[in-house]
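Shown next, in C-alpha cells, is the structure this report addresses.
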Amino acid sequence: MSDTVPQAIVIGASAGALQALSALLPLLPADYPLPILIVVHIRPDRDSVLAHLFQSKCAIRVREADDKEPIQPGTVYFAPPDYHLLVEQDHTLSLSSEEPVFFSRPSIDVLFESAADAYGEALTGIVLTGANEDGAAGLKTIVDAGGTAIVQEPQGAYATAMPEAAIARCPQAKIMTIEDISAHLLDLGRNHPGRNSRS
Amino acid sequence: MSEEPVSGGLLSERVEDIEIHLLLEGLYRRYHYDFRNYAQASIKRRLRQAREQLGYRSISDLQHDVLHDPDMLPRLLSYLTVQVSEVFRDPSYFKAIREKVIPHLRTYPSLRIWIAGCSTGEELYSFVILFREEGLEQRTLFYATDINQDALAKAEAGIYDLERFKLFTENHRKSGGKSSLSDYYTAAYGKGAFDKSLRNRVVFSDHSLVTDAVFAEMHLISCRNVLIYFDRPLQDRAVGLFKDSLARKGFLGLGSKESLRFSEHAGSFSELAPGDKIYQRLDR
Ligand SMILES: C[S@@+](CC[C@H](N)C(=O)[O-])C[C@H]1O[C@@H](n2cnc3c(N)ncnc32)[C@H](O)[C@@H]1O
C-alpha cells in the first residue's frame, strides 16, 4: 500500500444493509478522523429514516447529506432517499435527481465514481451485502484512481450478488468479513494523523 | 514555481478535466448556454455518458462536432440538463402550498406565478390543477420556463406515458386534491393527455436562471430541483433573481433538498413552511 493519508471512506449496501452497518458504525469513536459517505438502497418514498436510526446508536456524528455542504471529518453522511449523492472536487457534497442507476437512486456507483475523482488514492471504498450489481463499476473506478477496495465476504453477507459482482469486476479488492472490516476502519482511524486535531 | 509531480493516472484525469472545462467554455461562447458554474461532479458524469453513448473517443472530439454542427446541440443538452419530474412530486409540498400559500394569494385580484425550470411540464400541470381546484386559475397567469427547448415542447404538449398516471393520481390525492385527476386528462394509445384548457393561462418560455434577467413581478415562484445542479455562487445568483422578481410578501418554493440556509439572500426571506421549503419574501 502507498503511504497516502486516507481522506475518506465510501460505503455501499443494499439488501441486509441495516444489519451490516449496525456491525460497523456503532463501533466508531466520536473523534473518528475520517468522513464516511454511505449509499443504502431504500425505497424512494421512505422518509429519511437511516440517519435518525443510526444517530441514536452511534458515537460518531450521523447525518443525512445536504446539498453543497462541506464534508467534515468524524461524520457519517447518508444519501437522502430518491437523490444521488456526489462528491465535488472541493470536497463538498452535491445531490442530484438524475435517472436511477440499476433502478436505484441513490446509486452506489454514482457516489463511488465521483468520490474517486475527488479523492484519488486517498479513498477507501467498501461494498457490503446486496442483491444487485450496483457498486461494482464504482469500486473499479476507485481502484483505477489508486484507492483501496474492500468487499464483504459473500458467504457472510445477507445477500451475495452485490459483493460477488464487485469481486468479479474488481479482483484486486480485499475480501473481508464484517468483523475484519470494522477492525480495519478502526485502524484507519487510529493511524490517522488528523486524529485529535479535528475542528 | 515548482511543478507538482503527477502520476499517469492523475495526468489522464486532468486531461479530462481540461476537456470538460474547454467544452463548457465553448458551449457558452458559441451558443450562450452557460454550464460553467454548474456542480461539476454531475456534469462530468453526464458528459462521460454523452461521450460514450454518442460514440466519441474523447470529450474533445465531442466538442469539435458540437462547435461545428448546431444540430448536435440539442443532443448534448439532453445530457447536460436533467429531465426528471412528476405530477404533484412531493405531495406534502403541494399540500403546504394549498394550505399555507393559497389563503394569502386569494387576497389578490390578479396573480402571476412562475415555474422556473419546469422541465417537461409535470410541475406546471400540478399548479394549474391546484389553482383550478382552489378557484384561482382564472385570475392567474402561469409562466413556465426552462432552458431545454425539447422539454418545453413536451410541456406544451402535456402528453405522458399512461403508466405514470397511477403515481400522478396517488400524488394528487396525497396533496389534498379536491377532484379526481382523471377529470383533467384523456387516455388513449398508452398515453395520457392533459386537457388543453389547462394551458389557457400559461405562457411557455425559454429562460435561463444563469444568463437571463427578471421578466415580470411574481406572487409565487416555484423552482424545484434546479438549484442542486448549480454551485453555491450560481445558486446565489438564481435566488437573487427570484428575490428581485418577487412582489412584497411573495412566495418562493424550492425542492425538498434545497434551502436558503446558506444563501446570501437568506435574510430577505422568512420560512413559511420550513419542512416543505416554502419561503416568503420579507417587506424590506
Ligand atoms: C430535475 S428538472 C426539475 C423539474 C421540476 N421542477 C421538478 O422538480 O419536478 C431540472 C430542470 O432544470 C432545467 N434547468 C437547468 N438549468 C437551467 C437554467 N439555467 N435555467 C432554467 N432552467 C434550467 C433543466 O432543463 C430541467 O428541465
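Every chain in the C-alpha cells has a letter given in the order shown (A, B, ...), and although residue numbers restart at 1 in each chain, ligands are simply numbered from 1 in the order shown.
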Practice problem: Compute the set of protein, DNA and RNA residues whose minimum atom distance to ligand 1 is at most 9 Å, using only C-alpha atoms and all ligand atoms, and state it as a PyMOL selection string. | Solution: (chain A and resi 96-98) or (chain B and resi 33-35+38+77-78+80-90+115-124+145-149+151-152+206-212+222-230+238+254-256)
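Residues of segment 25-88 of chain A carrying a DSSP assignment of strand (DSSP E), computed from the backbone, are Ile36, Leu37, Ile38, Val39, Val40, Arg61, Val62, Arg63, Glu64, Thr75, Val76, Tyr77, Phe78, His84, Leu85, Leu86 and Val87 of chain A.
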Quiz item: Taking only C-alpha atoms into account, what are the residues of chain A at most 12 Å from chain B, put as a ChimeraX atom specification?
Solution: /A:44-48,64-70,79-100,109-121,138,141-147
Practice problem: Looking only at helix (DSSP H, G or I) from DSSP on the backbone, list the matching residues of segment 20-197 of chain B as a PyMOL selection string. | Solution: chain B and resi 20-31+40-53+59-68+72-80+91-105+122-133+137-139+149-157+162-174+181-184+196-197
Self-check item: Neighbour list for Ser60 of chain B as a list in words, cut-off 9 Å, only C-alpha atoms, skip fewer than 3 positions in-chain
Solution: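 Result of the neighbour search: Glu16, Glu19, Ile20, Leu22, Leu23, Tyr56, Arg57, Gln63, His64 and Asp65 of chain B.
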Selection from above, N, CA, C and O atoms, as a PDB file, in the first residue's frame, can you write it?
```
ATOM      1  N   GLU B  16      -9.013  15.024 -18.860  1.00  0.00           N
ATOM      2  CA  GLU B  16     -10.472  15.030 -18.955  1.00  0.00           C
ATOM      3  C   GLU B  16     -11.052  16.303 -18.331  1.00  0.00           C
ATOM      4  O   GLU B  16     -11.979  16.905 -18.876  1.00  0.00           O
ATOM      5  N   GLU B  19     -10.576  19.049 -20.750  1.00  0.00           N
ATOM      6  CA  GLU B  19     -11.527  18.916 -21.860  1.00  0.00           C
ATOM      7  C   GLU B  19     -12.911  19.414 -21.469  1.00  0.00           C
ATOM      8  O   GLU B  19     -13.587  20.097 -22.234  1.00  0.00           O
ATOM      9  N   ILE B  20     -13.332  19.052 -20.258  1.00  0.00           N
ATOM     10  CA  ILE B  20     -14.662  19.462 -19.812  1.00  0.00           C
ATOM     11  C   ILE B  20     -14.724  20.981 -19.697  1.00  0.00           C
ATOM     12  O   ILE B  20     -15.666  21.619 -20.168  1.00  0.00           O
ATOM     13  N   LEU B  22     -12.958  23.143 -21.322  1.00  0.00           N
ATOM     14  CA  LEU B  22     -12.949  23.752 -22.651  1.00  0.00           C
ATOM     15  C   LEU B  22     -14.299  23.595 -23.348  1.00  0.00           C
ATOM     16  O   LEU B  22     -14.781  24.522 -23.997  1.00  0.00           O
ATOM     17  N   LEU B  23     -14.884  22.423 -23.202  1.00  0.00           N
ATOM     18  CA  LEU B  23     -16.190  22.199 -23.829  1.00  0.00           C
ATOM     19  C   LEU B  23     -17.232  23.171 -23.277  1.00  0.00           C
ATOM     20  O   LEU B  23     -17.990  23.785 -24.030  1.00  0.00           O
ATOM     21  N   TYR B  56     -18.121   8.870 -29.022  1.00  0.00           N
ATOM     22  CA  TYR B  56     -16.885   9.631 -29.208  1.00  0.00           C
ATOM     23  C   TYR B  56     -15.741   9.042 -28.405  1.00  0.00           C
ATOM     24  O   TYR B  56     -15.945   8.470 -27.343  1.00  0.00           O
ATOM     25  N   ARG B  57     -14.523   9.191 -28.952  1.00  0.00           N
ATOM     26  CA  ARG B  57     -13.340   8.700 -28.266  1.00  0.00           C
ATOM     27  C   ARG B  57     -13.013   9.584 -27.069  1.00  0.00           C
ATOM     28  O   ARG B  57     -12.585   9.136 -26.027  1.00  0.00           O
ATOM     29  N   GLN B  63     -16.574  17.826 -28.496  1.00  0.00           N
ATOM     30  CA  GLN B  63     -16.565  19.285 -28.545  1.00  0.00           C
ATOM     31  C   GLN B  63     -16.434  19.775 -29.978  1.00  0.00           C
ATOM     32  O   GLN B  63     -17.128  20.702 -30.404  1.00  0.00           O
ATOM     33  N   HIS B  64     -15.567  19.147 -30.744  1.00  0.00           N
ATOM     34  CA  HIS B  64     -15.369  19.533 -32.137  1.00  0.00           C
ATOM     35  C   HIS B  64     -16.702  19.525 -32.876  1.00  0.00           C
ATOM     36  O   HIS B  64     -17.077  20.501 -33.524  1.00  0.00           O
ATOM     37  N   ASP B  65     -17.429  18.431 -32.759  1.00  0.00           N
ATOM     38  CA  ASP B  65     -18.679  18.313 -33.501  1.00  0.00           C
ATOM     39  C   ASP B  65     -19.740  19.281 -32.999  1.00  0.00           C
ATOM     40  O   ASP B  65     -20.497  19.846 -33.791  1.00  0.00           O
TER      41      ASP B  65
END
```
Quiz item: For Asp31 of chain A, which residue out of A:Ala59, A:Ile181, A:Ile108, A:Ala13 is the nearest one, using only C-alpha atoms?
Solution: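 Between A:Ala59, A:Ile181, A:Ile108, A:Ala13, the residue approaching Asp31 of chain A most closely is A:Ala59.
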Could you pull the residues within 6 Å of Thr124 of chain A, counting only C-alpha atoms, minus those fewer than 6 positions along the same chain, as a PDB file with all heavy atoms, in the first residue's frame?
```pdb
ATOM      1  N   ILE A   9     -13.936   7.593   3.379  1.00  0.00           N
ATOM      2  CA  ILE A   9     -14.402   6.224   3.178  1.00  0.00           C
ATOM      3  C   ILE A   9     -15.791   6.301   2.558  1.00  0.00           C
ATOM      4  O   ILE A   9     -16.625   7.112   2.983  1.00  0.00           O
ATOM      5  CB  ILE A   9     -14.478   5.485   4.538  1.00  0.00           C
ATOM      6  CG1 ILE A   9     -13.071   5.360   5.122  1.00  0.00           C
ATOM      7  CG2 ILE A   9     -15.128   4.111   4.386  1.00  0.00           C
ATOM      8  CD1 ILE A   9     -13.060   5.075   6.611  1.00  0.00           C
ATOM      9  N   GLY A 147      -7.139   4.182  -5.311  1.00  0.00           N
ATOM     10  CA  GLY A 147      -7.717   3.997  -3.984  1.00  0.00           C
ATOM     11  C   GLY A 147      -7.773   2.532  -3.579  1.00  0.00           C
ATOM     12  O   GLY A 147      -7.317   1.644  -4.307  1.00  0.00           O
ATOM     13  N   THR A 148      -8.337   2.295  -2.392  1.00  0.00           N
ATOM     14  CA  THR A 148      -8.390   0.944  -1.828  1.00  0.00           C
ATOM     15  C   THR A 148      -9.808   0.392  -1.917  1.00  0.00           C
ATOM     16  O   THR A 148     -10.775   1.103  -1.628  1.00  0.00           O
ATOM     17  CB  THR A 148      -7.984   1.005  -0.332  1.00  0.00           C
ATOM     18  OG1 THR A 148      -6.722   1.653  -0.250  1.00  0.00           O
ATOM     19  CG2 THR A 148      -7.893  -0.398   0.256  1.00  0.00           C
ATOM     20  N   ALA A 149      -9.909  -0.879  -2.325  1.00  0.00           N
ATOM     21  CA  ALA A 149     -11.228  -1.506  -2.448  1.00  0.00           C
ATOM     22  C   ALA A 149     -11.372  -2.634  -1.443  1.00  0.00           C
ATOM     23  O   ALA A 149     -10.472  -3.458  -1.279  1.00  0.00           O
ATOM     24  CB  ALA A 149     -11.423  -2.051  -3.863  1.00  0.00           C
TER      25      ALA A 149
END
```
Practice problem: Find the spatial neighbours of segment 160-176 of chain A, counting only C-alpha atoms, within a cut-off of 9 Å - ignore same-chain residues fewer than 2 positions away - and output them as a PyMOL selection string. | Solution: chain A and resi 13-14+127-140+143+148-158+178-181
Quiz prompt | Interatomic distance, atom CA of Arg164 of chain B to atom CA of Ile221 of chain B (Å, one decimal) | solution =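 Value for the atom CA of Arg164 of chain B-atom CA of Ile221 of chain B distance: 25.7 Å.
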Self-check item: Residue contacts of Ala122 of chain A (7 Å, only C-alpha atoms) excluding same-chain residues fewer than 6 positions away, as a ChimeraX atom specification
Solution: /A:4-8,147
Quiz item: Distance atom CA of Leu141 of chain B-atom CA of Thr107 of chain B, one decimal place?
Solution: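 One can read the atom CA of Leu141 of chain B to atom CA of Thr107 of chain B distance as 15.6 Å.
A straight line drawn from atom CA of Arg199 of chain B to atom CA of Ala157 of chain B is 9.4 Å long.
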Quiz item: Phe165 of chain B: which residues within 9 Å, counting only C-alpha atoms, same-chain residues fewer than 2 positions away excluded, as a PyMOL selection string?
Solution: chain B and resi 87+160-163+167-170+181-182+192
Quiz item: Quick one: of A:Ala183, A:Val40, A:Ala159, A:Leu25, who's nearest to Thr75 of chain A, counting only C-alpha atoms?
Solution: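 Once distances to Thr75 of chain A are computed over only C-alpha atoms, the minimum belongs to A:Leu25.
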